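**Q** The structure file start-v6.cif (mmCIF, C-alpha atoms) is provided below.
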data_run
loop_
_atom_site.label_atom_id
_atom_site.label_comp_id
_atom_site.auth_asym_id
_atom_site.auth_seq_id
_atom_site.Cartn_x
_atom_site.Cartn_y
_atom_site.Cartn_z
CA MET E 198 -40.31 41.62 18.52
CA TRP E 199 -37.27 39.57 17.45
CA ASN E 200 -36.08 42.39 15.20
CA GLU E 201 -36.24 44.78 18.14
CA TRP E 202 -34.56 42.63 20.80
CA GLY E 203 -32.84 39.90 18.81
CA TRP E 204 -29.51 41.72 18.90
CA MET E 205 -29.28 40.86 22.61
CA TRP E 206 -28.89 37.10 22.09
CA PRO E 207 -25.07 37.10 22.57
CA ALA E 208 -25.42 38.96 25.89
CA LEU E 209 -28.19 36.64 27.11
CA THR E 210 -26.21 33.57 26.01
CA ALA E 211 -23.10 34.89 27.78
CA SER E 212 -25.21 35.47 30.91
CA ALA E 213 -26.47 31.88 30.82
CA LEU E 214 -22.94 30.53 30.44
CA THR E 215 -21.69 32.83 33.21
CA ALA E 216 -24.40 31.60 35.59
CA ILE E 217 -23.65 27.95 34.76
CA ALA E 218 -19.93 28.51 35.38
CA LEU E 219 -20.01 30.72 38.46
CA VAL E 220 -22.89 29.48 40.62
CA PRO E 221 -21.38 26.01 41.32
CA LEU E 222 -17.97 27.58 41.95
CA GLY E 223 -19.54 30.19 44.21
CA ASN E 224 -21.25 27.45 46.17
CA ARG E 225 -17.85 25.84 46.74
CA VAL E 226 -16.42 29.23 47.79
CA LEU E 227 -19.08 29.50 50.50
CA GLU E 228 -18.48 25.90 51.61
CA ARG E 229 -14.77 26.66 52.02
CA GLY E 230 -15.47 29.91 53.87
CA MET E 231 -13.23 32.03 51.63
CA VAL E 232 -15.62 34.67 50.28
CA PHE E 233 -13.05 37.47 50.07
CA ALA E 234 -10.75 35.21 48.06
CA ASP E 235 -12.95 35.33 44.96
CA LEU E 236 -13.04 39.13 45.08
CA ALA E 237 -9.26 39.28 45.49
CA ILE E 238 -8.64 36.88 42.59
CA ALA E 239 -11.08 38.83 40.41
CA GLN E 240 -9.25 42.05 41.22
CA TRP E 241 -5.89 40.54 40.26
CA ALA E 242 -7.39 39.17 37.04
CA ALA E 243 -8.53 42.71 36.24
CA LEU E 244 -5.05 43.97 37.11
CA GLY E 245 -3.65 41.58 34.51
CA ILE E 246 -5.97 43.02 31.86
CA LEU E 247 -4.87 46.56 32.70
CA LEU E 248 -1.19 45.59 32.80
CA VAL E 249 -1.25 44.02 29.35
CA GLY E 250 -3.22 46.97 27.98
CA THR E 251 -0.57 49.35 29.34
CA LEU E 252 2.48 47.40 28.20
CA PHE E 253 1.06 46.23 24.86
CA PRO E 254 -1.57 48.74 23.69
CA ALA E 255 -1.90 46.96 20.34
CA GLY E 256 -2.18 43.51 21.89
CA GLY E 257 -5.24 41.45 21.04
CA PRO E 258 -7.78 39.68 23.26
CA ALA E 259 -5.64 36.54 23.54
CA LEU E 260 -2.74 38.50 25.01
CA SER E 261 -5.08 40.31 27.39
CA LEU E 262 -6.55 37.03 28.61
CA SER E 263 -3.08 35.55 29.03
CA GLY E 264 -2.02 38.43 31.25
CA SER E 265 -5.25 38.23 33.20
CA LEU E 266 -4.90 34.48 33.73
CA THR E 267 -1.26 34.85 34.80
CA LEU E 268 -2.09 37.33 37.55
CA ALA E 269 -5.22 35.39 38.53
CA LEU E 270 -3.07 32.28 39.02
CA LEU E 271 -0.57 34.36 40.98
CA ALA E 272 -3.43 35.47 43.23
CA VAL E 273 -4.57 31.84 43.55
CA ALA E 274 -1.06 30.87 44.67
CA MET E 275 -1.02 33.66 47.26
CA VAL E 276 -4.50 32.73 48.50
CA SER E 277 -3.43 29.08 48.77
CA LEU E 278 -0.44 30.07 50.91
CA VAL E 279 -2.67 32.18 53.14
CA LEU E 280 -5.19 29.36 53.56
CA ARG E 281 -2.42 26.92 54.35
CA TYR E 282 -0.16 28.87 56.69
CA LEU E 283 -2.20 31.82 57.99
CA THR E 284 -5.58 30.20 58.62
CA ARG E 285 -6.31 32.24 61.72
CA HIS E 286 -5.98 35.53 59.87
CA ARG E 287 -7.01 34.41 56.40
CA GLU E 288 -9.87 36.89 55.85
CA ALA E 289 -7.70 39.83 56.88
CA MET E 290 -4.79 38.71 54.72
CA ILE E 291 -7.00 38.08 51.69
CA GLY E 292 -8.60 41.49 52.23
CA LEU E 293 -5.14 43.05 52.10
CA LEU E 294 -4.43 41.09 48.92
CA TYR E 295 -7.54 42.59 47.35
CA ALA E 296 -6.60 46.11 48.47
CA LEU E 297 -3.09 45.67 47.05
CA GLY E 298 -4.45 44.57 43.67
CA ALA E 299 -6.92 47.47 43.57
CA CYS E 300 -4.25 50.04 44.42
CA LEU E 301 -1.81 48.61 41.87
CA ALA E 302 -4.54 48.83 39.23
CA THR E 303 -5.24 52.47 40.12
CA LEU E 304 -1.57 53.40 39.98
CA LEU E 305 -1.08 51.54 36.72
CA VAL E 306 -3.64 53.66 34.85
CA SER E 307 -3.08 56.91 36.74
CA GLN E 308 -1.03 58.46 33.88
CA ASP E 309 -3.32 57.20 31.14
CA PRO E 310 -5.77 59.81 29.76
CA HIS E 311 -8.30 57.00 29.39
CA GLY E 312 -7.31 55.34 32.67
CA ALA E 313 -10.58 56.08 34.45
CA GLN E 314 -12.58 54.44 31.66
CA ARG E 315 -10.29 51.41 31.59
CA LEU E 316 -10.54 51.02 35.35
CA ALA E 317 -14.31 51.41 35.28
CA HIS E 318 -14.54 48.75 32.56
CA THR E 319 -12.81 46.18 34.77
CA LEU E 320 -15.33 46.93 37.52
CA ASN E 321 -18.54 47.18 35.51
CA GLY E 322 -17.75 45.28 32.31
CA ASP E 323 -19.94 45.65 29.24
CA LEU E 324 -21.98 42.47 29.17
CA LEU E 325 -24.74 44.03 27.08
CA TRP E 326 -22.42 44.43 24.10
CA THR E 327 -21.04 40.90 24.12
CA THR E 328 -20.09 39.64 20.66
CA PRO E 329 -20.54 36.06 19.42
CA THR E 330 -16.75 35.63 19.13
CA VAL E 331 -16.33 35.41 22.93
CA LEU E 332 -18.97 32.71 23.40
CA ALA E 333 -16.86 29.69 22.36
CA PRO E 334 -14.47 29.82 25.35
CA MET E 335 -17.45 30.48 27.63
CA VAL E 336 -19.16 27.33 26.33
CA LEU E 337 -16.01 25.30 27.10
CA LEU E 338 -15.81 26.88 30.56
CA ALA E 339 -19.44 26.08 31.35
CA LEU E 340 -19.01 22.47 30.21
CA ALA E 341 -15.81 22.11 32.25
CA VAL E 342 -17.57 23.39 35.39
CA LEU E 343 -20.49 20.99 34.85
CA VAL E 344 -18.05 18.08 34.53
CA TRP E 345 -16.23 19.32 37.64
CA GLN E 346 -19.48 19.59 39.58
CA TYR E 347 -21.32 16.44 38.51
CA VAL E 348 -18.79 13.95 37.10
CA LEU E 349 -15.46 14.18 38.90
CA PRO E 350 -14.89 12.47 42.27
CA GLN E 351 -14.72 14.70 45.32
CA SER E 352 -10.94 14.32 45.65
CA TYR E 353 -10.36 15.63 42.13
CA ARG E 354 -12.84 18.44 42.64
CA GLY E 355 -10.87 19.61 45.65
CA TRP E 356 -7.48 20.05 44.04
CA LEU E 357 -8.91 21.29 40.72
CA PHE E 358 -11.05 23.97 42.33
CA LEU E 359 -8.60 26.87 42.51
CA PRO E 360 -7.16 26.46 38.98
CA MET E 361 -10.72 26.11 37.61
CA PHE E 362 -11.75 29.13 39.62
CA ALA E 363 -8.87 31.21 38.25
CA ILE E 364 -9.78 30.36 34.65
CA ALA E 365 -13.47 31.11 35.28
CA ILE E 366 -12.65 34.45 36.90
CA THR E 367 -10.30 35.38 34.05
CA LEU E 368 -12.91 34.81 31.35
CA THR E 369 -15.86 36.32 33.16
CA VAL E 370 -14.16 39.42 34.58
CA ASP E 371 -13.06 40.44 31.10
CA LEU E 372 -16.62 39.86 29.91
CA ALA E 373 -18.80 41.20 32.71
CA GLY E 374 -16.60 43.05 35.22
CA ILE E 375 -15.73 42.43 38.87
CA TYR E 376 -19.08 43.48 40.35
CA VAL E 377 -21.20 41.20 38.16
CA VAL E 378 -18.79 38.30 38.68
CA PHE E 379 -18.79 38.66 42.46
CA THR E 380 -22.59 38.90 42.56
CA SER E 381 -22.97 35.88 40.28
CA LEU E 382 -20.63 33.87 42.49
CA ILE E 383 -22.26 34.75 45.81
CA ALA E 384 -25.87 35.96 45.56
CA ALA E 385 -27.68 32.83 44.33
CA PRO E 386 -25.53 30.26 46.20
CA LEU E 387 -25.85 32.21 49.46
CA LEU E 388 -29.53 33.16 49.37
CA LEU E 389 -30.87 30.01 47.73
CA ILE E 390 -28.52 27.05 48.24
CA HIS E 391 -27.15 27.84 51.69
CA LEU E 392 -30.10 29.68 53.26
CA ARG E 393 -32.97 27.87 51.54
CA GLY E 394 -31.43 24.52 50.66
CA THR E 395 -32.41 24.69 47.00
CA SER E 396 -30.59 22.88 44.21
CA ILE E 397 -27.68 24.29 42.24
CA VAL E 398 -29.81 24.11 39.09
CA PHE E 399 -32.50 26.31 40.65
CA ALA E 400 -29.82 28.78 41.78
CA ILE E 401 -28.35 28.89 38.25
CA LEU E 402 -31.76 29.58 36.72
CA THR E 403 -32.46 32.33 39.25
CA CYS E 404 -29.08 33.92 38.62
CA LEU E 405 -29.78 33.84 34.89
CA ALA E 406 -33.21 35.41 35.42
CA GLY E 407 -31.56 38.24 37.33
CA HIS E 408 -28.97 38.75 34.61
CA SER E 409 -31.64 38.78 31.91
CA LEU E 410 -33.78 41.26 33.79
CA GLY E 411 -30.80 43.53 34.33
CA LEU E 412 -29.77 43.38 30.68
CA LEU E 413 -33.30 44.19 29.50
CA ILE E 414 -33.61 47.14 31.88
CA SER E 415 -30.15 48.39 30.91
CA ALA E 416 -31.04 48.27 27.19
CA TRP E 417 -34.51 49.72 27.70
CA GLN E 418 -33.51 52.63 29.93
CA ASP E 419 -29.94 53.11 28.62
CA LEU E 420 -28.46 52.47 32.09
CA PRO E 421 -24.93 51.24 32.91
CA THR E 422 -25.03 47.49 32.40
CA GLY E 423 -22.86 46.27 35.28
CA PRO E 424 -24.64 48.02 38.18
CA THR E 425 -28.06 47.31 36.64
CA VAL E 426 -27.34 43.58 36.33
CA VAL E 427 -25.95 43.45 39.88
CA ILE E 428 -29.04 45.07 41.40
CA ALA E 429 -31.43 42.99 39.29
CA ALA E 430 -29.61 39.75 40.16
CA MET E 431 -29.64 40.55 43.88
CA ALA E 432 -33.32 41.48 43.78
CA THR E 433 -34.23 38.33 41.84
CA CYS E 434 -32.29 36.03 44.15
CA ALA E 435 -33.72 37.71 47.26
CA SER E 436 -37.27 37.43 45.85
CA ALA E 437 -36.75 33.77 45.02
CA ALA E 438 -35.45 33.15 48.54
CA VAL E 439 -38.54 34.81 50.04
CA LEU E 440 -40.92 32.86 47.80
CA ALA E 441 -39.16 29.51 48.24
CA ARG E 442 -41.25 27.04 50.20
CA LYS E 443 -38.30 25.39 51.85
CA PRO E 444 -37.62 26.60 55.40
CA ILE E 445 -34.69 28.83 56.12
CA ASN E 446 -31.54 26.92 57.10
CA ARG E 447 -30.96 28.19 60.64
CA ASP E 448 -27.52 26.58 60.74
CA ALA E 449 -26.38 29.00 58.02
CA TRP E 450 -26.82 32.03 60.27
#
Written as structure tokens, how would this file's structure read?

**A**
Amino acid sequence: MWNEWGWMWPALTASALTAIALVPLGNRVLERGMVFADLAIAQWAALGILLVGTLFPAGGPALSLSGSLTLALLAVAMVSLVLRYLTRHREAMIGLLYALGACLATLLVSQDPHGAQRLAHTLNGDLLWTTPTVLAPMVLLALAVLVWQYVLPQSYRGWLFLPMFAIAITLTVDLAGIYVVFTSLIAAPLLLIHLRGTSIVFAILTCLAGHSLGLLISAWQDLPTGPTVVIAAMATCASAAVLARKPINRDAW
């Protein structure tokens, strides 16, 4: 059995680290009421990956991550300005920021013969084929988020949130793609923490179960990994919410 499925351990480990990093941050996103912001920042992180790949085709992973982080931080700065000065129209403005990033990404790769594949990779990722070399920064990210969530005072957590969020988005978008990242940020925190009042730990474990199920189905049936993980994670979180004994939080509606 191990010989048949053992090759998947890097992908399953990356999924666990992704769930640990993104579920607490996603919970904070929902508390702040800025759901579109995470999608916009993820899109700009993906734009950074595409930009570096276009300007420096021979550049390595470090250069790609640097470009991604730079544009993710730029998006964080723009989101911060919107939240500070345009509160009344923040969702609309952040939606426009996402659309701008998506259109810039499309234009950037429009003349590239492999542009469609590069664009699809930023959306869907390739989590199933994760290599052990990418796990070290993910371990550091997961530990940093746990310290942020459980050790730091509330005041520090507030002003560290957006920079931490940008770093988390940068690492996970390059690994798993925008769709998996957005689902990991929102599905478990929304359906379990906010609607059912469960703990963050339970939400992390449920998110991981969804990732694992999606990865196994993707490998078994040779299906695209990103969409399969997204659907499996949503189904797992929804099932857990239905089976949870805690009553639905009516105030969340």

**Q** Translate the PyMOL selection byres ((chain E and resi 355) around 12) into a concrete residue list for this structure, as a ChimeraX atom specification.

**A** /E:222,225-226,228-229,345-346,349-354,356-362

**Q** Any chance you could resolve the PyMOL selection byres ((chain E and resi 211) around 10) against this file and give the residues as a ChimeraX atom specification?

**A** /E:206-210,212-217,324-325,327-329,331-333,335-336,369,372-373,405,408

**Q** Which polymer residues have any atom within 9 Å of an atom of range 249-258 of chain E, counting all atoms listed in the file, with same-chain residues fewer than 6 positions away left out, as a PDB file with C-alpha atoms, in the coordinates of the input?

**A**
ATOM      1  CA  GLY E 264      -2.020  38.430  31.250  1.00  0.00           C
ATOM      2  CA  SER E 265      -5.250  38.230  33.200  1.00  0.00           C
ATOM      3  CA  LEU E 305      -1.080  51.540  36.720  1.00  0.00           C
ATOM      4  CA  VAL E 306      -3.640  53.660  34.850  1.00  0.00           C
ATOM      5  CA  ASP E 309      -3.320  57.200  31.140  1.00  0.00           C
TER       6      ASP E 309
END

**Q** Which residues match the PyMOL selection byres ((chain E and resi 424) around 10) in the file above, as a count of residues only?

**A** 18

**Q** What is the distance, in Å and to one decimal place, between CA of Thr267 in chain E and CA of Ala385 in chain E?

**A**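 CA of Thr267 in chain E sits 28.2 Å away from CA of Ala385 in chain E.
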
**Q** Can you tell me how far CA of Leu316 in chain E sits from CA of Leu244 in chain E, in Å to one decimal?

**A** 9.1 Å

**Q** Do a neighbour search on Val232 in chain E at 12 Å with only C-alpha atoms, toss out local chain neighbours closer than 4 positions, and write the hits as a list in words.

**A**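 So, after excluding close chain neighbours, the residues are Leu222, Gly223, Asn224, Arg225, Val226, Leu227, Glu228, Leu236, Ala237, Ile238, Ala239, Val276, Arg287, Glu288, Ala289, Ile291, Gly292, Tyr295, Phe379, Thr380, Leu382, Ile383, Ala384, Pro386 and Leu387 of chain E.
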
**Q** One number please: CA of Asp323 in chain E to CA of Ala272 in chain E, in Å, one decimal.

**A**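 About the pair CA of Asp323 in chain E and CA of Ala272 in chain E: they are 23.9 Å apart.
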
**Q** Given the choices E:Leu301, E:Ala269, E:Ile246, E:Leu219, which gets closest to Ala363 in chain E if the distance is worked out from only C-alpha atoms?

**A**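 Counting only C-alpha atoms, the residue closest to Ala363 in chain E is E:Ala269.
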
**Q** Given all atoms listed in the file as the basis, pick out the residue of E:Trp241, E:Val273, E:Ala339, E:Leu283 nearest to Gly298 in chain E.

**A**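 For Gly298 in chain E, the nearest of the given residues is E:Trp241.
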
**Q** How would range 316-327 of chain E read, as a PDB file, keeping the file's coordinate frame, once all heavy atoms are built in?

**A**
ATOM      1  N   LEU E 316     -10.326  51.539  33.998  1.00  0.00           N
ATOM      2  CA  LEU E 316     -10.540  51.020  35.350  1.00  0.00           C
ATOM      3  C   LEU E 316     -12.026  50.718  35.575  1.00  0.00           C
ATOM      4  O   LEU E 316     -12.383  49.676  36.140  1.00  0.00           O
ATOM      5  CB  LEU E 316     -10.033  52.026  36.375  1.00  0.00           C
ATOM      6  CG  LEU E 316      -9.902  51.543  37.823  1.00  0.00           C
ATOM      7  CD1 LEU E 316      -8.912  50.391  37.914  1.00  0.00           C
ATOM      8  CD2 LEU E 316      -9.448  52.689  38.717  1.00  0.00           C
ATOM      9  N   ALA E 317     -12.876  51.628  35.117  1.00  0.00           N
ATOM     10  CA  ALA E 317     -14.310  51.410  35.280  1.00  0.00           C
ATOM     11  C   ALA E 317     -14.771  50.176  34.514  1.00  0.00           C
ATOM     12  O   ALA E 317     -15.672  49.451  34.962  1.00  0.00           O
ATOM     13  CB  ALA E 317     -15.079  52.648  34.798  1.00  0.00           C
ATOM     14  N   HIS E 318     -14.149  49.924  33.348  1.00  0.00           N
ATOM     15  CA  HIS E 318     -14.540  48.750  32.560  1.00  0.00           C
ATOM     16  C   HIS E 318     -14.244  47.457  33.310  1.00  0.00           C
ATOM     17  O   HIS E 318     -15.036  46.496  33.238  1.00  0.00           O
ATOM     18  CB  HIS E 318     -13.810  48.760  31.227  1.00  0.00           C
ATOM     19  CG  HIS E 318     -14.148  47.587  30.358  1.00  0.00           C
ATOM     20  ND1 HIS E 318     -15.330  47.485  29.659  1.00  0.00           N
ATOM     21  CD2 HIS E 318     -13.469  46.438  30.102  1.00  0.00           C
ATOM     22  CE1 HIS E 318     -15.367  46.343  29.004  1.00  0.00           C
ATOM     23  NE2 HIS E 318     -14.250  45.686  29.251  1.00  0.00           N
ATOM     24  N   THR E 319     -13.118  47.403  34.014  1.00  0.00           N
ATOM     25  CA  THR E 319     -12.810  46.180  34.770  1.00  0.00           C
ATOM     26  C   THR E 319     -13.794  45.967  35.909  1.00  0.00           C
ATOM     27  O   THR E 319     -14.022  44.831  36.326  1.00  0.00           O
ATOM     28  CB  THR E 319     -11.371  46.215  35.337  1.00  0.00           C
ATOM     29  OG1 THR E 319     -11.265  47.269  36.301  1.00  0.00           O
ATOM     30  CG2 THR E 319     -10.349  46.422  34.234  1.00  0.00           C
ATOM     31  N   LEU E 320     -14.367  47.043  36.426  1.00  0.00           N
ATOM     32  CA  LEU E 320     -15.330  46.930  37.520  1.00  0.00           C
ATOM     33  C   LEU E 320     -16.730  46.591  37.013  1.00  0.00           C
ATOM     34  O   LEU E 320     -17.412  45.731  37.561  1.00  0.00           O
ATOM     35  CB  LEU E 320     -15.375  48.222  38.331  1.00  0.00           C
ATOM     36  CG  LEU E 320     -14.100  48.613  39.071  1.00  0.00           C
ATOM     37  CD1 LEU E 320     -14.248  49.996  39.696  1.00  0.00           C
ATOM     38  CD2 LEU E 320     -13.748  47.583  40.139  1.00  0.00           C
ATOM     39  N   ASN E 321     -17.152  47.283  35.969  1.00  0.00           N
ATOM     40  CA  ASN E 321     -18.540  47.180  35.510  1.00  0.00           C
ATOM     41  C   ASN E 321     -18.720  46.302  34.285  1.00  0.00           C
ATOM     42  O   ASN E 321     -19.829  45.853  34.011  1.00  0.00           O
ATOM     43  CB  ASN E 321     -19.084  48.587  35.192  1.00  0.00           C
ATOM     44  CG  ASN E 321     -19.092  49.478  36.411  1.00  0.00           C
ATOM     45  OD1 ASN E 321     -19.547  49.084  37.475  1.00  0.00           O
ATOM     46  ND2 ASN E 321     -18.580  50.680  36.253  1.00  0.00           N
ATOM     47  N   GLY E 322     -17.631  46.083  33.511  1.00  0.00           N
ATOM     48  CA  GLY E 322     -17.750  45.280  32.310  1.00  0.00           C
ATOM     49  C   GLY E 322     -18.661  45.928  31.279  1.00  0.00           C
ATOM     50  O   GLY E 322     -19.051  47.089  31.404  1.00  0.00           O
ATOM     51  N   ASP E 323     -19.023  45.173  30.289  1.00  0.00           N
ATOM     52  CA  ASP E 323     -19.940  45.650  29.240  1.00  0.00           C
ATOM     53  C   ASP E 323     -20.670  44.452  28.671  1.00  0.00           C
ATOM     54  O   ASP E 323     -20.642  44.195  27.464  1.00  0.00           O
ATOM     55  CB  ASP E 323     -19.168  46.405  28.160  1.00  0.00           C
ATOM     56  CG  ASP E 323     -20.055  47.418  27.445  1.00  0.00           C
ATOM     57  OD1 ASP E 323     -21.247  47.493  27.793  1.00  0.00           O
ATOM     58  OD2 ASP E 323     -19.562  48.114  26.558  1.00  0.00           O
ATOM     59  N   LEU E 324     -21.342  43.731  29.540  1.00  0.00           N
ATOM     60  CA  LEU E 324     -21.980  42.470  29.170  1.00  0.00           C
ATOM     61  C   LEU E 324     -23.013  42.651  28.065  1.00  0.00           C
ATOM     62  O   LEU E 324     -23.212  41.769  27.222  1.00  0.00           O
ATOM     63  CB  LEU E 324     -22.627  41.856  30.409  1.00  0.00           C
ATOM     64  CG  LEU E 324     -23.234  40.464  30.302  1.00  0.00           C
ATOM     65  CD1 LEU E 324     -22.182  39.450  29.882  1.00  0.00           C
ATOM     66  CD2 LEU E 324     -23.845  40.056  31.644  1.00  0.00           C
ATOM     67  N   LEU E 325     -23.675  43.802  28.054  1.00  0.00           N
ATOM     68  CA  LEU E 325     -24.740  44.030  27.080  1.00  0.00           C
ATOM     69  C   LEU E 325     -24.225  43.972  25.644  1.00  0.00           C
ATOM     70  O   LEU E 325     -24.950  43.593  24.728  1.00  0.00           O
ATOM     71  CB  LEU E 325     -25.408  45.388  27.346  1.00  0.00           C
ATOM     72  CG  LEU E 325     -26.642  45.729  26.515  1.00  0.00           C
ATOM     73  CD1 LEU E 325     -27.757  44.732  26.776  1.00  0.00           C
ATOM     74  CD2 LEU E 325     -27.112  47.146  26.814  1.00  0.00           C
ATOM     75  N   TRP E 326     -22.967  44.367  25.449  1.00  0.00           N
ATOM     76  CA  TRP E 326     -22.420  44.430  24.100  1.00  0.00           C
ATOM     77  C   TRP E 326     -21.491  43.255  23.801  1.00  0.00           C
ATOM     78  O   TRP E 326     -20.543  43.363  23.040  1.00  0.00           O
ATOM     79  CB  TRP E 326     -21.681  45.759  23.910  1.00  0.00           C
ATOM     80  CG  TRP E 326     -22.607  46.915  24.114  1.00  0.00           C
ATOM     81  CD1 TRP E 326     -22.632  47.769  25.169  1.00  0.00           C
ATOM     82  CD2 TRP E 326     -23.685  47.314  23.262  1.00  0.00           C
ATOM     83  NE1 TRP E 326     -23.637  48.688  25.028  1.00  0.00           N
ATOM     84  CE2 TRP E 326     -24.311  48.431  23.864  1.00  0.00           C
ATOM     85  CE3 TRP E 326     -24.182  46.844  22.042  1.00  0.00           C
ATOM     86  CZ2 TRP E 326     -25.397  49.072  23.289  1.00  0.00           C
ATOM     87  CZ3 TRP E 326     -25.272  47.481  21.472  1.00  0.00           C
ATOM     88  CH2 TRP E 326     -25.863  48.588  22.094  1.00  0.00           C
ATOM     89  N   THR E 327     -21.785  42.131  24.405  1.00  0.00           N
ATOM     90  CA  THR E 327     -21.040  40.900  24.120  1.00  0.00           C
ATOM     91  C   THR E 327     -21.175  40.538  22.636  1.00  0.00           C
ATOM     92  O   THR E 327     -22.253  40.659  22.056  1.00  0.00           O
ATOM     93  CB  THR E 327     -21.594  39.746  24.966  1.00  0.00           C
ATOM     94  OG1 THR E 327     -21.452  40.069  26.353  1.00  0.00           O
ATOM     95  CG2 THR E 327     -20.842  38.454  24.680  1.00  0.00           C
TER      96      THR E 327
END
